[in-house]
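Scroll down for the structure; my scribbles are underneath it.
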Amino acid sequence: MRAFIFPGQGSQAVGMGQALAEASAAARLLLQEVDDALSQNLARLMAQGPEDELTLTENAQPAIMANSLAVLRVLEQEAGLRLAEKADCVAGHSLGEYSALAAAGAFDVPTTARLLKLRGRSMQAAVPVGEGAMAALLGLDVEAAEAVAAEAAQGQVCETANDNAPGQVVVSGHKAAVERALEIAKTKGARRALLLPVSAPFHCALMEPAARTMEEALAEAEMGPPFVPVYANVTAAPVDDPTEIRALLVAQVTGRVRWRESVAAMAEAGVDHFVELGGKVLGPMVKRIAPDTKTTSVVSMDDVEALVKEI
C-alpha cells in the first residue's frame, strides 16, 4: 500500500519549484493557476524571494502547497502517473493537509490557494508579534512534553502543538510560558530544548480567532469527497466525509498535529511506501516512526522520472 504525503510550514525556500517550472509546462500552469487565484505573483516570490517575504505565513502556506501540487501535476499530466490509481491514502503535515485534500480532489487548486492565504493571514493576526512562541523539545515523548507544558503554563497557554516523531515534540503558547517550558524540559531529560524561528504560536488555544475565521471560510468553500481517505492531523485517522473534514480542519488550527500517530496508523493499516511530494522533510520523520517502510521524496524532474519507473 502507498500513501502520498505533503509537507508543512518550514519547508519553504527561495528557489522552490523554479527548476521544475523551467522544465515543465504543467508545473508552470499550476503555479499560474495559484497566482491567478491570489491575484499575486507568488511564483516569482517562490523563485526569487526575498526570503523574509516568502517566509511570511500568508505567503509560505500557499507557496508550499503550490510547490507540492506542481510536482503532482507533472506526475499526472506529463508522466502519466495518476494519484487516484497509485495512492491508497494521503496525509499532510499541518497546512499540508490542504495540499493532500487538493491532491485527492476534495478542493480545486484556486480554492485551496485562497483558503491557505486566509489561514496564514488569520493565524498571523491571532496573536500580536512577540507575545507567542514555539519550542522543540527533543528527546522527550509526547506524554513527558505534555507534563512539561502543563507545569510551564502557570495560568498562561502552553500546549503540545506537534507530535512529529519519537522524541520530537513541539510546544506552543505564550512566550513566557514556552520559555519556562525550555528550562523545565532540560530538568526532565530533554536532549535539547530550543525556541523555533516562527512568527506565531501555531496549533494552540491562542489560535482560536483564526479557527473561527477558517470555520466561516470552510463553510462557504466548495468541497467534494476525496477519492482516497485522508488521515486527519487532529485524529490520526482516515476521513472521507466533507462535513467531517471541514470540522477537522477547523479543529486543526488550535489542535495538535498528531503526525507520529498518523504515520503509525497508516503503517498499521498496511502502508509500506510513503511518497512525499514537494519536500524532503517528512521522509526522515516517517523512517523514525515506521523504520520498515520505504520513503521517496519527489521534488525535481529527475525525482519524477525515478518514481514513475519505480511504481
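By order in the C-alpha cells, chains are A, B, ...; within a chain, residues start at 1; ligands start at 1, following the order shown.
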Residues of segment 180-233 of chain A at most 8 Å from segment 245-261 of chain A: nearest atom pair and distance in Å, only C-alpha atoms, as a Markdown table:
| residue | atom | partner | partner_atom | distance |
| --- | --- | --- | --- | --- |
| A:Phe202 | CA | A:Thr254 | CA | 7.1 |
| A:His203 | CA | A:Thr254 | CA | 4.2 |
| A:Cys204 | CA | A:Thr254 | CA | 4.4 |
| A:Ala205 | CA | A:Thr254 | CA | 5.2 |
| A:Leu206 | CA | A:Thr254 | CA | 7.3 |
| A:Met207 | CA | A:Thr254 | CA | 5.4 |
| A:Glu208 | CA | A:Thr254 | CA | 6.2 |
| A:Ala210 | CA | A:Val253 | CA | 7.0 |
| A:Ala211 | CA | A:Val250 | CA | 5.4 |
| A:Arg212 | CA | A:Val250 | CA | 7.5 |
| A:Met214 | CA | A:Val250 | CA | 6.1 |
| A:Glu215 | CA | A:Val250 | CA | 5.6 |
| A:Leu218 | CA | A:Arg246 | CA | 6.2 |
| A:Ala219 | CA | A:Arg246 | CA | 7.4 |
| A:Ala232 | CA | A:Leu248 | CA | 7.1 |
| A:Asn233 | CA | A:Val257 | CA | 4.9 |
Let me see the file: selected residues, C-alpha atoms, as an mmCIF file, in the first residue's frame.
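Output contents, as saved in again_14.cif:
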data_model
loop_
_atom_site.group_PDB
_atom_site.id
_atom_site.type_symbol
_atom_site.label_atom_id
_atom_site.label_comp_id
_atom_site.auth_asym_id
_atom_site.auth_seq_id
_atom_site.Cartn_x
_atom_site.Cartn_y
_atom_site.Cartn_z
ATOM 1 C CA PHE A 202 0.526 27.767 15.920
ATOM 2 C CA HIS A 203 -1.680 24.834 16.969
ATOM 3 C CA CYS A 204 -2.626 26.040 20.430
ATOM 4 C CA ALA A 205 -5.588 27.758 22.082
ATOM 5 C CA LEU A 206 -4.218 31.208 21.201
ATOM 6 C CA MET A 207 -5.177 30.472 17.582
ATOM 7 C CA GLU A 208 -8.900 30.457 18.406
ATOM 8 C CA ALA A 210 -8.079 32.062 13.340
ATOM 9 C CA ALA A 211 -10.145 28.915 13.884
ATOM 10 C CA ARG A 212 -13.348 30.978 13.785
ATOM 11 C CA MET A 214 -11.487 29.355 8.954
ATOM 12 C CA GLU A 215 -14.794 27.929 10.145
ATOM 13 C CA LEU A 218 -14.650 26.457 5.063
ATOM 14 C CA ALA A 219 -18.437 26.557 5.438
ATOM 15 C CA ALA A 232 -6.522 13.911 9.557
ATOM 16 C CA ASN A 233 -3.931 15.679 11.716
#
- Glu143 of chain A: which residues within 10 Å, counting only C-alpha atoms, same-chain residues fewer than 5 positions away excluded, as a PyMOL selection string? chain A and resi 148-149+160+169
- Item | Selection near segment 130-141 of chain A, 9 Å with only C-alpha atoms, sequence-local residues under 6 positions removed, as number ranges by chain | A: 161-163, 165-179, 181-182, 185-186, 188-202, 206
Just C-alpha atoms for this one: save the residues we selected as a compact mmCIF listing (two decimals), in the first residue's frame.
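For reference, out-v3.txt as written:
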# COMPACT_ATOMS: atom_id res chain seq x y z
CA ALA A 161 1.40 21.56 19.21
CA ASN A 162 3.22 18.95 17.11
CA ASP A 163 3.97 15.32 17.87
CA ALA A 165 8.26 11.73 15.60
CA PRO A 166 9.60 9.79 18.57
CA GLY A 167 11.50 12.28 20.70
CA GLN A 168 10.49 15.30 18.60
CA VAL A 169 7.63 17.26 20.15
CA VAL A 170 6.85 20.97 19.75
CA VAL A 171 5.10 23.12 22.37
CA SER A 172 3.30 26.38 21.65
CA GLY A 173 1.74 29.23 23.60
CA HIS A 174 2.53 32.46 25.41
CA LYS A 175 6.20 33.32 25.04
CA ALA A 176 6.90 33.43 28.77
CA ALA A 177 5.28 30.04 29.29
CA VAL A 178 7.17 28.48 26.39
CA GLU A 179 10.43 29.87 27.77
CA ALA A 181 9.00 25.01 29.27
CA LEU A 182 12.53 25.15 27.85
CA ALA A 185 12.29 20.25 29.80
CA LYS A 186 16.01 20.26 30.49
CA LYS A 188 13.07 16.28 32.70
CA GLY A 189 15.71 14.74 30.47
CA ALA A 190 15.27 16.59 27.18
CA ARG A 191 18.32 16.18 24.97
CA ARG A 192 17.80 19.69 23.60
CA ALA A 193 15.12 22.36 24.01
CA LEU A 194 15.13 25.33 21.68
CA LEU A 195 12.88 28.14 20.51
CA LEU A 196 11.77 27.86 16.89
CA PRO A 197 12.04 30.77 14.42
CA VAL A 198 8.28 31.12 13.85
CA SER A 199 6.14 34.23 13.68
CA ALA A 200 3.19 32.97 15.75
CA PRO A 201 2.27 30.21 18.25
CA PHE A 202 0.53 27.77 15.92
CA LEU A 206 -4.22 31.21 21.20
- Find the residues around Ala290 of chain A up to 12 Å (only C-alpha atoms counted), leave out those fewer than 2 positions away in its own chain, and share them as a ChimeraX atom specification. /A:165-166,259-268,270-274,282-288,292-295
Once you have the residues from the selection above, write them out as a PDB file, in the first residue's frame, restricted to C-alpha atoms.
ATOM      1  CA  ALA A 165       8.262  11.726  15.597  1.00  0.00           C
ATOM      2  CA  PRO A 166       9.600   9.786  18.567  1.00  0.00           C
ATOM      3  CA  TRP A 259       1.911  13.265  12.784  1.00  0.00           C
ATOM      4  CA  ARG A 260       3.661  10.426  14.616  1.00  0.00           C
ATOM      5  CA  GLU A 261       0.340   8.738  15.299  1.00  0.00           C
ATOM      6  CA  SER A 262      -0.878   9.378  11.732  1.00  0.00           C
ATOM      7  CA  VAL A 263       2.142   7.680  10.180  1.00  0.00           C
ATOM      8  CA  ALA A 264       1.922   4.813  12.658  1.00  0.00           C
ATOM      9  CA  ALA A 265      -1.777   4.363  11.826  1.00  0.00           C
ATOM     10  CA  MET A 266      -1.102   4.327   8.088  1.00  0.00           C
ATOM     11  CA  ALA A 267       1.703   1.795   8.560  1.00  0.00           C
ATOM     12  CA  GLU A 268      -0.542  -0.346  10.744  1.00  0.00           C
ATOM     13  CA  GLY A 270      -0.676  -1.683   5.584  1.00  0.00           C
ATOM     14  CA  VAL A 271       1.071   1.321   4.028  1.00  0.00           C
ATOM     15  CA  ASP A 272       4.638   0.325   3.265  1.00  0.00           C
ATOM     16  CA  HIS A 273       5.610   3.127   0.861  1.00  0.00           C
ATOM     17  CA  PHE A 274       5.365   6.856   1.694  1.00  0.00           C
ATOM     18  CA  LEU A 282       8.610  14.253   6.176  1.00  0.00           C
ATOM     19  CA  GLY A 283      10.563  11.277   4.883  1.00  0.00           C
ATOM     20  CA  PRO A 284      13.114  11.276   7.738  1.00  0.00           C
ATOM     21  CA  MET A 285      10.266  11.566  10.268  1.00  0.00           C
ATOM     22  CA  VAL A 286       8.482   8.616   8.667  1.00  0.00           C
ATOM     23  CA  LYS A 287      11.622   6.469   8.895  1.00  0.00           C
ATOM     24  CA  ARG A 288      11.880   7.211  12.622  1.00  0.00           C
ATOM     25  CA  ASP A 292      10.497  -0.788   7.976  1.00  0.00           C
ATOM     26  CA  THR A 293       8.645   1.317   5.395  1.00  0.00           C
ATOM     27  CA  LYS A 294      10.055   2.823   2.211  1.00  0.00           C
ATOM     28  CA  THR A 295      10.153   6.604   1.715  1.00  0.00           C
TER      29      THR A 295
END
Per-residue DSSP, segment 9-252 of chain A, filtered to strand (DSSP E), as a tab-separated table (two decimals) with N, CA and C atoms, in the first residue's frame:
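This went into result21.tsv:
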chain	number	residue	atom	x	y	z
A	89	CYS	N	-4.03	6.19	0.28
A	89	CYS	CA	-4.45	7.24	1.20
A	89	CYS	C	-3.50	8.41	1.02
A	90	VAL	N	-3.86	9.56	1.61
A	90	VAL	CA	-3.00	10.73	1.60
A	90	VAL	C	-3.00	11.35	3.00
A	91	ALA	N	-1.99	12.18	3.25
A	91	ALA	CA	-1.92	12.92	4.52
A	91	ALA	C	-0.97	14.08	4.31
A	92	GLY	N	-1.14	15.10	5.14
A	92	GLY	CA	-0.24	16.25	5.08
A	92	GLY	C	0.01	16.80	6.46
A	132	GLY	N	3.73	35.36	21.46
A	132	GLY	CA	3.69	33.91	21.41
A	132	GLY	C	5.02	33.33	20.98
A	133	ALA	N	5.16	32.02	21.16
A	133	ALA	CA	6.39	31.34	20.76
A	133	ALA	C	6.11	29.85	20.62
A	134	MET	N	7.04	29.17	19.96
A	134	MET	CA	7.02	27.71	19.86
A	134	MET	C	8.42	27.19	20.15
A	135	ALA	N	8.49	26.00	20.70
A	135	ALA	CA	9.79	25.42	21.03
A	135	ALA	C	9.78	23.93	20.77
A	136	ALA	N	10.90	23.41	20.28
A	136	ALA	CA	11.07	21.98	20.07
A	136	ALA	C	11.70	21.37	21.31
A	137	LEU	N	11.08	20.31	21.81
A	137	LEU	CA	11.63	19.55	22.93
A	137	LEU	C	12.12	18.22	22.37
A	138	LEU	N	13.41	18.07	22.27
A	138	LEU	CA	13.99	16.89	21.63
A	138	LEU	C	14.43	15.89	22.70
A	158	CYS	N	0.26	27.00	27.30
A	158	CYS	CA	1.43	26.24	26.85
A	158	CYS	C	0.94	24.83	26.57
A	159	GLU	N	0.98	24.44	25.31
A	159	GLU	CA	0.38	23.17	24.90
A	159	GLU	C	1.29	22.45	23.91
A	160	THR	N	1.14	21.13	23.83
A	160	THR	CA	1.86	20.38	22.80
A	160	THR	C	1.18	20.63	21.45
A	161	ALA	N	1.95	21.14	20.50
A	161	ALA	CA	1.40	21.56	19.21
A	161	ALA	C	1.67	20.56	18.10
A	162	ASN	N	2.83	19.92	18.15
A	162	ASN	CA	3.22	18.95	17.11
A	162	ASN	C	3.87	17.75	17.77
A	163	ASP	N	3.33	16.58	17.49
A	163	ASP	CA	3.97	15.32	17.87
A	163	ASP	C	4.50	14.74	16.56
A	164	ASN	N	5.74	15.13	16.23
A	164	ASN	CA	6.26	14.88	14.88
A	164	ASN	C	6.82	13.47	14.69
A	165	ALA	N	7.57	13.01	15.69
A	165	ALA	CA	8.26	11.73	15.60
A	165	ALA	C	8.71	11.38	17.01
A	168	GLN	N	10.52	13.98	19.26
A	168	GLN	CA	10.49	15.30	18.60
A	168	GLN	C	9.09	15.89	18.75
A	169	VAL	N	8.92	16.65	19.83
A	169	VAL	CA	7.63	17.26	20.15
A	169	VAL	C	7.81	18.77	20.23
A	170	VAL	N	6.82	19.51	19.74
A	170	VAL	CA	6.85	20.97	19.75
A	170	VAL	C	5.76	21.48	20.69
A	171	VAL	N	6.10	22.47	21.52
A	171	VAL	CA	5.10	23.12	22.37
A	171	VAL	C	4.89	24.54	21.87
A	172	SER	N	3.70	25.08	22.18
A	172	SER	CA	3.30	26.38	21.65
A	172	SER	C	2.47	27.11	22.69
A	173	GLY	N	2.56	28.45	22.68
A	173	GLY	CA	1.74	29.23	23.60
A	173	GLY	C	2.31	30.60	23.86
A	174	HIS	N	1.96	31.17	25.01
A	174	HIS	CA	2.53	32.46	25.41
A	174	HIS	C	4.05	32.34	25.52
A	192	ARG	N	17.67	18.27	23.95
A	192	ARG	CA	17.80	19.69	23.60
A	192	ARG	C	16.42	20.32	23.71
A	193	ALA	N	16.38	21.60	23.98
A	193	ALA	CA	15.12	22.36	24.01
A	193	ALA	C	15.43	23.73	23.45
A	194	LEU	N	14.78	24.08	22.35
A	194	LEU	CA	15.13	25.33	21.68
A	194	LEU	C	13.91	26.02	21.09
A	195	LEU	N	13.93	27.35	21.15
A	195	LEU	CA	12.88	28.14	20.51
A	195	LEU	C	12.97	27.99	19.00
A	230	VAL	N	-8.21	10.54	3.65
A	230	VAL	CA	-7.21	11.48	4.15
A	230	VAL	C	-7.04	11.22	5.65
A	231	TYR	N	-5.81	11.01	6.07
A	231	TYR	CA	-5.56	10.85	7.51
A	231	TYR	C	-5.46	12.24	8.12
A	238	PRO	N	-8.36	7.97	9.26
A	238	PRO	CA	-8.83	8.30	7.92
A	238	PRO	C	-10.22	8.92	7.93
A	239	VAL	N	-10.44	9.85	7.02
A	239	VAL	CA	-11.74	10.51	6.89
A	239	VAL	C	-12.00	10.77	5.41
- Message: Calculated over only C-alpha atoms, which of the candidates A:His93, A:Lys117, A:Arg180, A:Lys309 has the smallest distance to Gln9 of chain A?
- Response: A:His93
- Rank nothing, just name the residue among A:Gly8, A:Arg73, A:Ser99, A:Pro110 nearest to Val34 of chain A, using only C-alpha atoms.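 Of the candidates, the smallest distance to Val34 of chain A is held by A:Pro110.
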- Task: Would you list, as an MDAnalysis selection string, the residues of segment 41-234 of chain A that end up in alpha helix (DSSP H) under DSSP run on this structure's backbone?
- Result: chainID A and resid 42:48 51:55 57:77 83:86 96:103 109:125 142:153 175:187 208:220
Find the residues near Pro225 of chain A: any atom within 9 Å, counting only C-alpha atoms, skip ones fewer than 4 places away on the same chain, and give them as a PDB file with N, CA and C atoms, in the first residue's frame.
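The resulting out_28.pdb:
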ATOM      1  N   LEU A 101      -5.691  17.210   0.543  1.00  0.00           N
ATOM      2  CA  LEU A 101      -7.102  17.234   0.142  1.00  0.00           C
ATOM      3  C   LEU A 101      -7.252  17.679  -1.305  1.00  0.00           C
ATOM      4  N   ALA A 104      -6.262  14.876  -3.571  1.00  0.00           N
ATOM      5  CA  ALA A 104      -7.278  13.821  -3.597  1.00  0.00           C
ATOM      6  C   ALA A 104      -8.616  14.320  -4.150  1.00  0.00           C
ATOM      7  N   GLY A 105      -8.621  15.531  -4.712  1.00  0.00           N
ATOM      8  CA  GLY A 105      -9.799  16.011  -5.418  1.00  0.00           C
ATOM      9  C   GLY A 105     -10.885  16.627  -4.560  1.00  0.00           C
ATOM     10  N   ALA A 106     -10.643  16.837  -3.267  1.00  0.00           N
ATOM     11  CA  ALA A 106     -11.679  17.413  -2.405  1.00  0.00           C
ATOM     12  C   ALA A 106     -11.842  18.913  -2.651  1.00  0.00           C
ATOM     13  N   PHE A 107     -10.724  19.621  -2.843  1.00  0.00           N
ATOM     14  CA  PHE A 107     -10.723  21.046  -3.186  1.00  0.00           C
ATOM     15  C   PHE A 107     -10.086  21.217  -4.552  1.00  0.00           C
ATOM     16  N   PRO A 229      -8.989   8.063   1.157  1.00  0.00           N
ATOM     17  CA  PRO A 229      -9.079   8.605   2.515  1.00  0.00           C
ATOM     18  C   PRO A 229      -7.909   9.533   2.837  1.00  0.00           C
ATOM     19  N   ASP A 240     -13.266  10.668   5.011  1.00  0.00           N
ATOM     20  CA  ASP A 240     -13.606  10.980   3.619  1.00  0.00           C
ATOM     21  C   ASP A 240     -14.931  11.737   3.481  1.00  0.00           C
ATOM     22  N   ASP A 241     -15.557  12.076   4.603  1.00  0.00           N
ATOM     23  CA  ASP A 241     -16.818  12.813   4.573  1.00  0.00           C
ATOM     24  C   ASP A 241     -16.535  14.319   4.616  1.00  0.00           C
ATOM     25  N   PRO A 242     -17.012  15.098   3.622  1.00  0.00           N
ATOM     26  CA  PRO A 242     -16.691  16.528   3.566  1.00  0.00           C
ATOM     27  C   PRO A 242     -17.094  17.303   4.819  1.00  0.00           C
ATOM     28  N   ILE A 245     -14.558  16.520   7.410  1.00  0.00           N
ATOM     29  CA  ILE A 245     -13.264  17.116   7.054  1.00  0.00           C
ATOM     30  C   ILE A 245     -13.256  18.598   7.396  1.00  0.00           C
TER      31      ILE A 245
END
Compile a residue-level contact table for segment 267-306 of chain A against segment 17-21 of chain A at a cut-off of 12 Å, reporting for every qualifying residue the shortest atom pair and its distance in Å to one decimal, with only C-alpha atoms counted, rows ordered by chain and ascending number, as CSV.
residue,atom,partner,partner_atom,distance
A:Leu277,CA,A:Gly17,CA,11.5
A:Gly278,CA,A:Gly17,CA,8.2
A:Gly279,CA,A:Gly17,CA,10.2
A:Val298,CA,A:Leu20,CA,10.9
A:Val299,CA,A:Leu20,CA,7.9
A:Ser300,CA,A:Leu20,CA,5.9
A:Met301,CA,A:Leu20,CA,6.2
A:Asp302,CA,A:Leu20,CA,9.6
A:Asp303,CA,A:Leu20,CA,10.4
A:Val304,CA,A:Leu20,CA,9.9
Kindly save the residues from that selection, with C-alpha atoms included, as a CSV table (one decimal), in the first residue's frame.
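Okay, again.csv is ready:
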chain,number,residue,atom,x,y,z
A,277,LEU,CA,5.6,15.4,-2.9
A,278,GLY,CA,7.4,18.8,-2.9
A,279,GLY,CA,9.7,18.3,0.0
A,298,VAL,CA,9.8,13.9,-5.2
A,299,VAL,CA,10.9,17.4,-5.9
A,300,SER,CA,12.7,17.5,-9.3
A,301,MET,CA,12.1,16.2,-12.8
A,302,ASP,CA,14.7,13.5,-12.1
A,303,ASP,CA,12.7,12.5,-9.0
A,304,VAL,CA,9.5,12.4,-11.1
- Distance criterion (only C-alpha atoms): nearest to Ala217 of chain A out of A:Arg119, A:Leu81, A:Ile64, A:Ala144: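 Result for the nearest residue to Ala217 of chain A: A:Arg119.
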- Task: Tell me, in Å to one decimal, how far atom CA of Ala66 of chain A is from atom CA of Leu31 of chain A.
- Result: 6.3 Å
